[in-house]
file run-v2.cif (mmCIF, C-alpha atoms)
data_work
loop_
_atom_site.label_atom_id
_atom_site.label_comp_id
_atom_site.auth_asym_id
_atom_site.auth_seq_id
_atom_site.Cartn_x
_atom_site.Cartn_y
_atom_site.Cartn_z
CA MET A 1 40.76 45.39 20.43
CA ALA A 2 40.43 47.53 23.55
CA GLY A 3 40.15 51.25 22.95
CA GLN A 4 40.30 53.90 25.67
CA LYS A 5 42.54 52.99 28.62
CA VAL A 6 41.38 54.20 32.03
CA ASN A 7 42.13 53.46 35.66
CA ARG A 8 39.99 52.64 38.66
CA GLU A 9 39.94 56.25 39.90
CA GLN A 10 38.49 57.47 36.60
CA VAL A 11 35.81 54.78 36.70
CA MET A 12 34.79 55.74 40.23
CA ALA A 13 34.64 59.41 39.27
CA TYR A 14 32.56 58.54 36.20
CA ARG A 15 30.05 56.48 38.21
CA VAL A 16 29.68 59.07 40.97
CA ALA A 17 28.79 61.64 38.32
CA ALA A 18 26.56 59.32 36.27
CA LEU A 19 24.60 58.36 39.39
CA GLY A 20 24.00 61.95 40.41
CA LEU A 21 26.29 62.02 43.43
CA ALA A 22 28.87 64.51 42.22
CA GLU A 23 26.66 67.56 42.72
CA ARG A 24 23.27 67.79 44.42
CA SER A 25 20.57 68.67 41.90
CA THR A 26 17.48 70.81 42.33
CA GLU A 27 15.38 68.54 40.10
CA ARG A 28 12.35 66.66 41.36
CA PRO A 29 13.08 62.96 42.08
CA GLY A 30 11.23 61.75 38.99
CA ASP A 31 13.45 63.89 36.77
CA LEU A 32 16.72 62.45 38.06
CA PRO A 33 18.52 60.23 35.49
CA LEU A 34 18.90 57.59 38.22
CA LEU A 35 15.18 56.81 38.04
CA GLU A 36 15.77 55.09 34.70
CA LEU A 37 17.72 52.45 36.60
CA GLY A 38 15.43 52.62 39.62
CA VAL A 39 16.08 53.18 43.33
CA GLN A 40 16.02 50.02 45.42
CA GLU A 41 14.36 50.06 48.82
CA TYR A 42 16.34 48.06 51.38
CA THR A 43 15.20 49.40 54.74
CA PRO A 44 12.36 51.78 55.67
CA GLY A 45 13.31 55.23 54.44
CA SER A 46 16.35 54.11 52.44
CA VAL A 47 14.84 55.27 49.14
CA ARG A 48 14.32 58.77 50.51
CA VAL A 49 17.92 58.86 51.77
CA ALA A 50 19.14 57.89 48.29
CA LEU A 51 17.07 60.69 46.75
CA ALA A 52 18.16 63.25 49.35
CA ALA A 53 21.80 62.48 48.52
CA ARG A 54 21.07 63.60 44.96
CA THR A 55 18.51 66.41 45.08
CA SER A 56 17.46 69.26 47.34
CA ALA A 57 13.92 69.17 45.94
CA ASP A 58 10.86 67.83 47.75
CA LEU A 59 11.34 64.07 47.99
CA ASP A 60 7.68 63.24 47.36
CA ASP A 61 6.84 62.72 43.71
CA ARG A 62 3.53 61.16 42.68
CA ARG A 63 4.96 60.22 39.29
CA LEU A 64 6.94 57.47 41.02
CA VAL A 65 5.75 54.05 42.17
CA MET A 66 7.33 51.11 43.99
CA VAL A 67 7.39 47.82 42.09
CA TRP A 68 9.23 44.50 42.14
CA ALA A 69 11.73 45.12 39.36
CA ALA A 70 15.38 44.06 38.86
CA ARG A 71 16.02 40.74 40.65
CA GLY A 72 12.47 40.90 42.01
CA ALA A 73 13.60 43.53 44.52
CA PRO A 74 11.44 46.57 45.35
CA HIS A 75 12.49 49.59 43.32
CA LEU A 76 11.11 53.07 42.85
CA HIS A 77 10.42 53.75 39.16
CA ARG A 78 8.64 56.27 36.97
CA ARG A 79 5.04 55.16 36.50
CA ARG A 80 5.03 56.06 32.80
CA GLU A 81 7.94 53.68 32.12
CA LEU A 82 6.61 50.57 33.87
CA TRP A 83 5.27 48.72 30.82
CA ASP A 84 8.52 49.19 28.89
CA LEU A 85 10.42 48.09 31.98
CA ALA A 86 8.28 44.97 32.42
CA ARG A 87 8.97 43.87 28.83
CA ALA A 88 12.68 44.62 29.13
CA LEU A 89 12.94 42.61 32.35
CA TRP A 90 11.07 39.65 30.88
CA PRO A 91 13.50 36.73 30.40
CA VAL A 92 15.03 36.37 26.96
CA SER A 93 14.92 32.55 27.03
CA ASP A 94 14.05 29.53 29.14
CA ALA A 95 17.65 29.37 30.32
CA ASP A 96 17.53 33.02 31.33
CA ALA A 97 14.28 32.43 33.25
CA THR A 98 15.76 29.43 35.04
CA ALA A 99 18.85 31.42 36.01
CA ARG A 100 16.73 34.20 37.49
CA ILE A 101 14.61 31.96 39.73
CA GLN A 102 17.28 29.59 41.01
CA SER A 103 16.14 28.28 44.37
CA GLY A 104 16.56 25.15 46.44
CA GLN A 105 12.87 25.46 47.29
CA ILE A 106 11.63 24.87 43.74
CA ARG A 107 14.20 22.72 41.92
CA GLU A 108 11.56 21.28 39.59
CA GLY A 109 9.87 24.64 39.15
CA MET A 110 13.10 26.17 37.90
CA LYS A 111 12.94 23.78 34.94
CA LEU A 112 9.72 25.41 33.76
CA GLY A 113 11.72 28.40 32.54
CA LEU A 114 9.52 30.99 30.84
CA ARG A 115 6.38 29.02 31.74
CA ALA A 116 7.13 29.75 35.40
CA PHE A 117 7.20 33.50 34.73
CA THR A 118 4.02 33.39 32.66
CA ALA A 119 2.12 31.34 35.24
CA ALA A 120 3.18 33.55 38.13
CA ALA A 121 2.49 36.78 36.24
CA GLU A 122 -0.96 35.62 35.15
CA ALA A 123 -1.78 34.55 38.71
CA ASN A 124 -0.64 37.93 40.04
CA ARG A 125 -2.84 39.70 37.53
CA GLU A 126 -5.87 37.56 38.42
CA VAL A 127 -5.49 37.84 42.19
CA VAL A 128 -4.37 41.42 42.83
CA THR A 129 -7.30 43.42 41.48
CA SER A 130 -7.50 45.78 44.46
CA SER A 131 -5.35 46.74 47.43
CA MET A 132 -4.75 43.67 49.60
CA PRO A 133 -2.37 42.33 52.27
CA ARG A 134 0.76 40.73 50.86
CA GLY A 135 0.14 37.51 52.79
CA GLU A 136 -3.36 37.12 51.38
CA ALA A 137 -2.06 37.76 47.86
CA SER A 138 0.62 35.09 48.33
CA THR A 139 -1.95 32.55 49.52
CA GLN A 140 -4.24 33.13 46.57
CA VAL A 141 -1.46 33.23 43.97
CA SER A 142 -0.04 29.97 45.36
CA LYS A 143 -3.30 28.20 44.55
CA LEU A 144 -3.18 29.21 40.90
CA VAL A 145 0.40 28.42 39.89
CA PRO A 146 1.86 24.97 39.10
CA LYS A 147 2.71 23.07 42.27
CA GLU A 148 6.36 22.96 41.18
CA LEU A 149 6.57 26.69 41.89
CA THR A 150 5.47 26.24 45.50
CA TYR A 151 7.09 24.76 48.60
CA PHE A 152 5.73 23.52 51.91
CA CYS A 153 6.07 26.03 54.74
CA LYS A 154 6.17 24.28 58.10
CA THR A 155 5.43 27.50 60.00
CA CYS A 156 2.20 28.10 58.08
CA ASP A 157 1.46 24.43 57.37
CA ALA A 158 0.73 25.38 53.76
CA GLN A 159 2.12 25.47 50.23
CA HIS A 160 3.61 28.86 49.29
CA ILE A 161 4.82 30.18 45.96
CA ALA A 162 8.58 30.70 46.16
CA GLY A 163 9.31 34.36 46.79
CA ASN A 164 11.88 34.69 44.01
CA VAL A 165 9.59 33.58 41.17
CA TRP A 166 6.61 35.46 42.66
CA GLN A 167 8.48 38.76 42.91
CA HIS A 168 10.35 38.33 39.63
CA ALA A 169 6.95 38.10 37.93
CA GLY A 170 5.31 40.81 40.00
CA LEU A 171 5.73 43.74 37.63
CA ALA A 172 4.85 41.61 34.60
CA GLY A 173 1.57 40.80 36.36
CA GLY A 174 0.79 44.45 36.99
CA ILE A 175 1.52 44.56 40.73
CA GLN A 176 2.73 47.59 42.64
CA VAL A 177 4.11 47.55 46.18
CA GLU A 178 1.90 49.87 48.20
CA SER A 179 3.58 49.36 51.57
CA ARG A 180 6.14 47.08 53.20
CA GLY A 181 6.83 45.79 56.67
CA LYS A 182 4.31 44.42 59.13
CA ASP A 183 1.30 45.74 57.22
CA ALA A 184 2.63 45.13 53.71
CA THR A 185 0.09 45.57 50.95
CA LEU A 186 0.07 45.11 47.18
CA GLY A 187 -2.17 46.69 44.59
CA PRO A 188 -2.84 46.63 40.85
CA ILE A 189 -1.17 49.04 38.46
CA LYS A 190 -3.96 50.97 36.78
CA ASP A 191 -4.68 50.12 33.12
CA TRP A 192 -2.03 47.40 32.95
CA PRO A 193 -1.85 46.04 29.36
CA GLY A 194 -1.30 42.37 30.30
CA VAL A 195 1.49 39.83 30.65
CA PRO A 196 4.43 40.31 28.24
CA GLU A 197 4.74 37.66 25.52
CA ARG A 198 8.44 38.15 24.88
CA ASN A 199 11.39 40.26 25.91
CA GLU A 200 11.57 43.66 24.31
CA GLY A 201 14.35 45.98 25.41
CA ILE A 202 17.06 43.90 27.05
CA ASP A 203 19.60 45.78 24.94
CA ARG A 204 18.34 49.05 26.40
CA LEU A 205 18.69 47.71 29.94
CA ILE A 206 22.23 46.54 29.25
CA ARG A 207 23.20 49.98 27.93
CA LEU A 208 21.51 51.60 30.92
CA TYR A 209 23.49 49.52 33.40
CA LEU A 210 26.71 50.31 31.56
CA ARG A 211 25.91 54.03 31.39
CA MET A 212 25.33 54.17 35.15
CA LEU A 213 27.64 51.45 36.48
CA GLY A 214 30.07 50.85 33.66
CA PRO A 215 32.44 50.17 32.19
CA ALA A 216 31.55 46.53 32.80
CA GLY A 217 30.91 43.25 31.01
CA PRO A 218 28.34 40.44 30.68
CA LEU A 219 29.37 38.97 34.04
CA GLU A 220 28.45 42.10 36.00
CA VAL A 221 25.31 42.77 33.99
CA GLY A 222 24.15 39.19 34.40
CA LYS A 223 24.60 39.33 38.16
CA TYR A 224 22.76 42.63 38.41
CA PHE A 225 19.68 41.31 36.64
CA GLY A 226 19.87 37.89 38.29
CA SER A 227 20.74 36.15 35.02
CA SER A 228 23.89 34.41 33.80
CA THR A 229 26.96 35.57 31.93
CA GLY A 230 26.19 33.19 29.07
CA GLU A 231 22.68 34.50 28.52
CA MET A 232 23.85 38.12 28.57
CA LYS A 233 26.57 37.35 26.03
CA LYS A 234 23.87 36.12 23.64
CA VAL A 235 22.10 39.48 23.70
CA TRP A 236 25.13 41.72 24.16
CA PRO A 237 24.75 44.85 21.97
CA ASP A 238 27.26 45.07 19.14
CA ASP A 239 27.49 48.87 19.13
CA LEU A 240 29.22 49.27 22.51
CA ALA A 241 32.67 50.78 22.91
CA GLU A 242 35.34 48.53 24.38
CA VAL A 243 37.63 50.09 26.97
CA SER A 244 40.43 48.84 29.20
CA VAL A 245 40.12 49.37 32.97
CA ASP A 246 43.57 48.79 34.47
CA GLY A 247 44.08 46.11 31.81
CA ARG A 248 40.62 44.52 32.20
CA LYS A 249 38.33 44.44 29.17
CA ALA A 250 34.99 46.22 29.68
CA TRP A 251 32.32 48.04 27.70
CA LEU A 252 30.47 51.34 27.73
CA PRO A 253 27.94 53.06 25.43
CA ALA A 254 30.00 54.75 22.73
CA ASP A 255 28.65 58.21 23.52
CA ALA A 256 29.78 57.89 27.17
CA VAL A 257 33.47 57.25 26.46
CA GLY A 258 34.28 60.95 26.41
CA ASP A 259 32.69 61.47 29.83
CA LEU A 260 34.70 58.55 31.19
CA ALA A 261 37.97 59.89 29.78
CA GLU A 262 37.36 63.32 31.31
CA ALA A 263 36.02 62.11 34.67
CA GLU A 264 37.79 63.51 37.70
CA PRO A 265 37.06 62.97 41.40
CA VAL A 266 35.00 65.67 43.07
CA GLY A 267 35.21 66.76 46.67
CA GLY A 268 32.45 66.39 49.19
CA VAL A 269 30.59 63.98 51.43
CA ARG A 270 27.48 61.89 50.89
CA PHE A 271 25.66 59.43 53.11
CA VAL A 272 24.33 56.80 50.69
CA PRO A 273 21.93 54.15 52.04
CA PRO A 274 22.33 50.37 51.98
CA MET A 275 21.88 49.00 48.44
CA ASP A 276 22.27 52.47 46.91
CA ALA A 277 22.81 52.30 43.16
CA LEU A 278 26.50 53.12 43.65
CA LEU A 279 26.88 49.94 45.69
CA GLN A 280 25.00 47.82 43.15
CA GLY A 281 27.92 47.49 40.76
CA ARG A 282 28.91 43.83 40.69
CA ASP A 283 32.65 44.57 40.42
CA ARG A 284 33.11 45.04 44.15
CA ASP A 285 36.89 44.81 43.91
CA LEU A 286 36.78 48.04 41.93
CA LEU A 287 34.31 49.79 44.23
CA VAL A 288 36.10 48.82 47.44
CA PRO A 289 39.50 47.21 46.76
CA ASP A 290 40.18 46.24 50.39
CA LYS A 291 38.67 42.79 51.15
CA ALA A 292 38.11 43.50 54.83
CA GLN A 293 36.30 46.72 53.98
CA GLN A 294 34.16 44.86 51.45
CA LYS A 295 32.89 42.65 54.26
CA GLU A 296 31.83 45.75 56.15
CA VAL A 297 29.95 47.27 53.21
CA TRP A 298 28.27 44.09 51.90
CA ARG A 299 27.08 41.81 54.67
CA THR A 300 25.03 38.64 54.43
CA LEU A 301 22.33 40.33 56.50
CA GLY A 302 21.83 43.91 57.61
CA ASN A 303 23.92 45.99 55.22
CA PRO A 304 24.94 49.44 56.50
CA GLY A 305 24.97 52.60 54.44
CA ALA A 306 28.22 53.80 52.89
CA LEU A 307 30.07 57.03 53.60
CA LEU A 308 31.25 58.62 50.37
CA VAL A 309 34.17 61.05 50.76
CA ASP A 310 35.65 62.74 47.70
CA GLY A 311 34.20 60.03 45.47
CA GLU A 312 35.46 57.03 47.45
CA VAL A 313 33.77 54.71 49.94
CA ALA A 314 35.48 55.84 53.16
CA GLY A 315 33.41 54.03 55.76
CA VAL A 316 29.99 52.73 56.71
CA TRP A 317 27.17 54.17 58.77
CA ARG A 318 24.00 53.14 60.53
CA ALA A 319 21.02 55.21 61.60
CA LYS A 320 18.80 55.02 64.66
CA MET A 321 15.74 57.14 65.14
CA SER A 322 15.46 59.04 68.42
CA GLY A 323 11.73 59.60 68.62
CA ARG A 324 10.33 61.98 66.05
CA LYS A 325 12.90 64.69 66.57
CA ARG A 326 16.29 63.26 65.65
CA VAL A 327 18.17 60.60 63.71
CA ASP A 328 21.48 59.43 65.18
CA LEU A 329 24.16 58.36 62.70
CA THR A 330 26.97 56.09 63.84
CA VAL A 331 29.91 56.15 61.43
CA THR A 332 32.66 53.55 61.21
CA PRO A 333 35.40 55.15 59.08
CA PHE A 334 37.94 53.06 57.19
CA GLY A 335 40.71 55.50 58.01
CA THR A 336 41.39 58.85 59.60
CA LEU A 337 38.93 61.61 58.75
CA ASN A 338 40.30 65.15 58.90
CA ALA A 339 38.50 68.05 60.57
CA LYS A 340 37.23 69.41 57.24
CA THR A 341 35.62 66.09 56.35
CA ARG A 342 34.05 65.71 59.80
CA LYS A 343 32.56 69.17 59.52
CA ALA A 344 31.20 68.32 56.07
CA MET A 345 29.66 65.15 57.52
CA GLU A 346 27.88 67.17 60.20
CA THR A 347 26.42 69.38 57.48
CA GLU A 348 25.48 66.47 55.24
CA SER A 349 23.77 64.61 58.09
CA ALA A 350 20.98 67.17 57.79
CA GLU A 351 20.07 65.56 54.46
CA VAL A 352 19.52 62.22 56.18
CA ALA A 353 17.34 64.01 58.74
CA ARG A 354 15.37 65.58 55.89
CA ALA A 355 14.88 62.18 54.31
CA ARG A 356 13.72 60.70 57.60
CA ALA A 357 11.37 63.65 58.24
CA VAL A 358 12.97 64.78 61.49
CA PRO A 359 14.46 68.20 62.28
CA ASP A 360 17.88 67.13 63.59
CA ALA A 361 20.71 64.61 63.17
CA THR A 362 23.78 63.68 65.19
CA VAL A 363 27.00 62.03 64.06
CA THR A 364 29.10 59.80 66.31
CA TYR A 365 32.01 57.50 65.52
CA ALA A 366 32.42 53.82 66.27
#

call {"tool": "encode", "arguments": {"input": "run-v2.cif", "output": "C-alpha cells"}}
result
Amino acid sequence: MAGQKVNREQVMAYRVAALGLAERSTERPGDLPLLELGVQEYTPGSVRVALAARTSADLDDRRLVMVWAARGAPHLHRRRELWDLARALWPVSDADATARIQSGQIREGMKLGLRAFTAAAEANREVVTSSMPRGEASTQVSKLVPKELTYFCKTCDAQHIAGNVWQHAGLAGGIQVESRGKDATLGPIKDWPGVPERNEGIDRLIRLYLRMLGPAGPLEVGKYFGSSTGEMKKVWPDDLAEVSVDGRKAWLPADAVGDLAEAEPVGGVRFVPPMDALLQGRDRDLLVPDKAQQKEVWRTLGNPGALLVDGEVAGVWRAKMSGRKRVDLTVTPFGTLNAKTRKAMETESAEVARARAVPDATVTYA
C-alpha cells in the first residue's frame, strides 16, 4: 500500500536539494554528497561545471579520480570508495551481465554473461600496469579476451573489444581514466585488490540512486545502471518506503520520506552541464513534462547543458570558448525569462567561467 502522497513539484524540489543544487556549498568537491553517486564527464570541462554549480570551493581535489563506473561511462569518484564501488557495480547474475553489455557488435559475447565481465576485467588488470594510450590498451586487451567479445573494425582492419564490455569492466580491472580526447590515456589504480568475485553492495547502490534521484522504481534504477527491470526487482531492498507520486507507485529510503514531504522549490539559477546528475533520472516525463522540450534537453548526439530556474529546467545552453579569456554561453529558454532571472543568469555565468578557468563569461539568447 502506498504511503506518503506527493506531487511532481515536491519531487523536483527534493532532488534539487538532494543533489546539492538548492544552495551553493563551501565544501571541497570530495566532501559533496553527490560524489557518492559520482559526477559523469560528458564533454571537456563538464565535470568542473557540475562541481561549480554546487560549491564555491577550489574545484581541484586530489582525493577524486576519474573511472569507468555506472554504465561504463567516465565518472569522478572518491578514490577511497573505488573498491566498494567496483564490487557494487559488478553484475548480480549472468542475466544482469548480459543486459549491461547488450550490443549488436558482440551478440555471441553477450551470452557469456558474468564470464565476459571477468575476462575483460582480468585483461584490463594484466595490460594496464602503467600509464598508456587508450588505443594501445584496447589493442592489447582485445588479444586476451574471448573472440566473442571482439568485433572486426574495418577502419583499423583489426579485431577490437567492444567498448561497452571493455568500459563496463574497467573499474573492476583496476583502471583509471587519466585523460580523454585525442591523447586519451589510462592507468592502473594503485594497490588494486583484484577482480571482484561477486556483487557486494547492489542494495546500497539502489538506495543511493533513490536518495538522490528518487522516488523511483526498478525500471528507472535498471536503466540508470544499464541493467533490466527484472534483475533489479530480484535485488530490490525490502526496507524501502513506498510513496505515491501523482498516483504513480515509487520508492524512497525510509529516512528520506520526511525530507520529501517538506521539500519546497527554492529560487535561483544554475547552469548544469550535459549529463549532470539532475538530468540522469530516468523518469524524463517528470523532469521535463513537455515532449518537445525533452528533445532539446536529451539529444541523440551532442546534448546541451540545462538552465535551472527556481528548481525547474527552463531552457538549454551551450558554451563556446573565446580564447583563454572568455566563455560565451548561448541560452535557448523554454519560455519568457524576466529581468530578475536574466540578471541572475549573468551573475551565475561567472561560475561557468570559473569552471572553465577563464576570467569572463557572456550570455546571449538564441

call {"tool": "closest_residue", "arguments": {"input": "run-v2.cif", "among": "A:Gly315, A:Pro44, A:Pro237, A:Gly38", "to": "Arg207 (chain A)", "atoms": "all atoms listed in the file"}}
result
A:Pro237

call {"tool": "closest_residue", "arguments": {"input": "run-v2.cif", "among": "A:Thr362, A:Thr347, A:Gln4, A:Gln280", "to": "Met212 (chain A)", "atoms": "all atoms listed in the file"}}
result
A:Gln280

call {"tool": "closest_residue", "arguments": {"input": "run-v2.cif", "among": "A:Leu35, A:Ala57, A:Val272, A:Ala50", "to": "His77 (chain A)", "atoms": "all atoms listed in the file"}}
result
A:Leu35

call {"tool": "atom_distance", "arguments": {"input": "run-v2.cif", "atom1": "CA of Asp310 (chain A)", "atom2": "CA of Gly268 (chain A)"}}
result
5.1 Å

call {"tool": "residues_near_point", "arguments": {"input": "run-v2.cif", "point": "(26.2, 43.1, 30.0)", "cutoff": "9 Å", "atoms": "all atoms listed in the file", "output": "short mmCIF file (atom, residue, chain, number, x, y, z; two decimals) with C-alpha atoms, keeping the file's coordinate frame"}}
result
data_model
loop_
_atom_site.label_atom_id
_atom_site.label_comp_id
_atom_site.auth_asym_id
_atom_site.auth_seq_id
_atom_site.Cartn_x
_atom_site.Cartn_y
_atom_site.Cartn_z
CA ASP A 203 19.60 45.78 24.94
CA LEU A 205 18.69 47.71 29.94
CA ILE A 206 22.23 46.54 29.25
CA ARG A 207 23.20 49.98 27.93
CA TYR A 209 23.49 49.52 33.40
CA LEU A 210 26.71 50.31 31.56
CA ALA A 216 31.55 46.53 32.80
CA GLY A 217 30.91 43.25 31.01
CA PRO A 218 28.34 40.44 30.68
CA LEU A 219 29.37 38.97 34.04
CA GLU A 220 28.45 42.10 36.00
CA VAL A 221 25.31 42.77 33.99
CA GLY A 222 24.15 39.19 34.40
CA THR A 229 26.96 35.57 31.93
CA MET A 232 23.85 38.12 28.57
CA LYS A 233 26.57 37.35 26.03
CA VAL A 235 22.10 39.48 23.70
CA TRP A 236 25.13 41.72 24.16
CA PRO A 237 24.75 44.85 21.97
CA TRP A 251 32.32 48.04 27.70
#

call {"tool": "residues_around", "arguments": {"input": "run-v2.cif", "residues": "Asn338 (chain A)", "least_positions_apart": "5", "cutoff": "12 Å", "atoms": "only C-alpha atoms", "output": "ChimeraX atom specification"}}
result
/A:309,314,333,343-345

call {"tool": "write_last_selection", "arguments": {"input": "run-v2.cif", "atoms": "C-alpha atoms", "output": "PDB file, in the frame of the given file"}}
result
ATOM      1  CA  VAL A 309      34.170  61.050  50.760  1.00  0.00           C
ATOM      2  CA  ALA A 314      35.480  55.840  53.160  1.00  0.00           C
ATOM      3  CA  PRO A 333      35.400  55.150  59.080  1.00  0.00           C
ATOM      4  CA  LYS A 343      32.560  69.170  59.520  1.00  0.00           C
ATOM      5  CA  ALA A 344      31.200  68.320  56.070  1.00  0.00           C
ATOM      6  CA  MET A 345      29.660  65.150  57.520  1.00  0.00           C
TER       7      MET A 345
END

call {"tool": "resolve_selection", "arguments": {"input": "run-v2.cif", "expression": "the PyMOL selection byres ((chain A and resi 125) around 8)", "output": "NGL selection string"}}
result
:A and (121-124 or 126-129 or 173-175 or 188 or 194)

call {"tool": "closest_atom_pairs", "arguments": {"input": "run-v2.cif", "of": "region 185-250 of chain A", "to": "region 9-20 of chain A", "cutoff": "12 Å", "atoms": "only C-alpha atoms", "output": "tab-separated table"}}
result
residue	atom	partner	partner_atom	distance
A:Leu208	CA	A:Ala18	CA	10.7
A:Tyr209	CA	A:Ala18	CA	10.7
A:Leu210	CA	A:Arg15	CA	9.7
A:Arg211	CA	A:Ala18	CA	7.2
A:Met212	CA	A:Ala18	CA	5.4
A:Leu213	CA	A:Arg15	CA	5.8
A:Gly214	CA	A:Arg15	CA	7.2
A:Pro215	CA	A:Val11	CA	7.3
A:Ala216	CA	A:Val11	CA	10.1
A:Val243	CA	A:Val11	CA	11.0
A:Ser244	CA	A:Val11	CA	10.6
A:Val245	CA	A:Val11	CA	7.9
A:Asp246	CA	A:Glu9	CA	9.9
A:Ala250	CA	A:Val11	CA	11.1

call {"tool": "resolve_selection", "arguments": {"input": "run-v2.cif", "expression": "the PyMOL selection byres ((chain A and resi 45-47) around 9)", "output": "number ranges by chain"}}
result
A: 39-44, 48-52, 75-76, 272-276, 305, 355-356

call {"tool": "write_last_selection", "arguments": {"input": "run-v2.cif", "atoms": "C-alpha atoms", "output": "short mmCIF file (atom, residue, chain, number, x, y, z; two decimals), in the coordinates of the input"}}
result
data_model
loop_
_atom_site.label_atom_id
_atom_site.label_comp_id
_atom_site.auth_asym_id
_atom_site.auth_seq_id
_atom_site.Cartn_x
_atom_site.Cartn_y
_atom_site.Cartn_z
CA VAL A 39 16.08 53.18 43.33
CA GLN A 40 16.02 50.02 45.42
CA GLU A 41 14.36 50.06 48.82
CA TYR A 42 16.34 48.06 51.38
CA THR A 43 15.20 49.40 54.74
CA PRO A 44 12.36 51.78 55.67
CA ARG A 48 14.32 58.77 50.51
CA VAL A 49 17.92 58.86 51.77
CA ALA A 50 19.14 57.89 48.29
CA LEU A 51 17.07 60.69 46.75
CA ALA A 52 18.16 63.25 49.35
CA HIS A 75 12.49 49.59 43.32
CA LEU A 76 11.11 53.07 42.85
CA VAL A 272 24.33 56.80 50.69
CA PRO A 273 21.93 54.15 52.04
CA PRO A 274 22.33 50.37 51.98
CA MET A 275 21.88 49.00 48.44
CA ASP A 276 22.27 52.47 46.91
CA GLY A 305 24.97 52.60 54.44
CA ALA A 355 14.88 62.18 54.31
CA ARG A 356 13.72 60.70 57.60
#

call {"tool": "atom_distance", "arguments": {"input": "run-v2.cif", "atom1": "CA of Arg299 (chain A)", "atom2": "CA of Ala277 (chain A)"}}
result
16.1 Å

call {"tool": "residues_around", "arguments": {"input": "run-v2.cif", "residues": "Ala53 (chain A)", "least_positions_apart": "6", "cutoff": "9 Å", "atoms": "all atoms listed in the file", "output": "PyMOL selection string"}}
result
chain A and resi 20-21+24+270-272+348+351-352

call {"tool": "closest_residue", "arguments": {"input": "run-v2.cif", "among": "A:Pro265, A:Ser93, A:Tyr224, A:Glu108", "to": "Asp283 (chain A)", "atoms": "only C-alpha atoms"}}
result
A:Tyr224

call {"tool": "closest_residue", "arguments": {"input": "run-v2.cif", "among": "A:Arg324, A:His168, A:Arg87, A:Arg342", "to": "Val358 (chain A)", "atoms": "all atoms listed in the file"}}
result
A:Arg324

call {"tool": "residues_around", "arguments": {"input": "run-v2.cif", "residues": "region 118-120 of chain A", "least_positions_apart": "5", "cutoff": "7 Å", "atoms": "all atoms listed in the file", "output": "ChimeraX atom specification"}}
result
/A:145,166,169

call {"tool": "atom_distance", "arguments": {"input": "run-v2.cif", "atom1": "CA of Thr150 (chain A)", "atom2": "CA of Glu136 (chain A)"}}
result
15.2 Å

call {"tool": "resolve_selection", "arguments": {"input": "run-v2.cif", "expression": "the PyMOL selection byres ((chain A and resi 182) around 12)", "output": "list in words"}}
result
Pro44, Pro133, Arg134, Gly135, Ser179, Arg180, Gly181, Asp183, Ala184 and Thr185 of chain A

call {"tool": "write_last_selection", "arguments": {"input": "run-v2.cif", "atoms": "C-alpha atoms", "output": "PDB file, keeping the file's coordinate frame"}}
result
ATOM      1  CA  PRO A  44      12.360  51.780  55.670  1.00  0.00           C
ATOM      2  CA  PRO A 133      -2.370  42.330  52.270  1.00  0.00           C
ATOM      3  CA  ARG A 134       0.760  40.730  50.860  1.00  0.00           C
ATOM      4  CA  GLY A 135       0.140  37.510  52.790  1.00  0.00           C
ATOM      5  CA  SER A 179       3.580  49.360  51.570  1.00  0.00           C
ATOM      6  CA  ARG A 180       6.140  47.080  53.200  1.00  0.00           C
ATOM      7  CA  GLY A 181       6.830  45.790  56.670  1.00  0.00           C
ATOM      8  CA  ASP A 183       1.300  45.740  57.220  1.00  0.00           C
ATOM      9  CA  ALA A 184       2.630  45.130  53.710  1.00  0.00           C
ATOM     10  CA  THR A 185       0.090  45.570  50.950  1.00  0.00           C
TER      11      THR A 185
END

call {"tool": "residues_near_point", "arguments": {"input": "run-v2.cif", "point": "(17.4, 32.8, 30.6)", "cutoff": "12 Å", "atoms": "only C-alpha atoms", "output": "count of residues only"}}
result
37

call {"tool": "residues_around", "arguments": {"input": "run-v2.cif", "residues": "Lys320 (chain A)", "least_positions_apart": "3", "cutoff": "7 Å", "atoms": "all atoms listed in the file", "output": "list in words"}}
result
Val327, Asp328 and Leu329 of chain A

call {"tool": "closest_residue", "arguments": {"input": "run-v2.cif", "among": "A:Leu308, A:Leu82, A:Ala137, A:Ile189", "to": "Leu287 (chain A)", "atoms": "all atoms listed in the file"}}
result
A:Leu308

call {"tool": "residues_around", "arguments": {"input": "run-v2.cif", "residues": "Ala241 (chain A)", "least_positions_apart": "6", "cutoff": "6 Å", "atoms": "all atoms listed in the file", "output": "list in words"}}
result
Trp251, Leu252, Pro253 and Ala254 of chain A
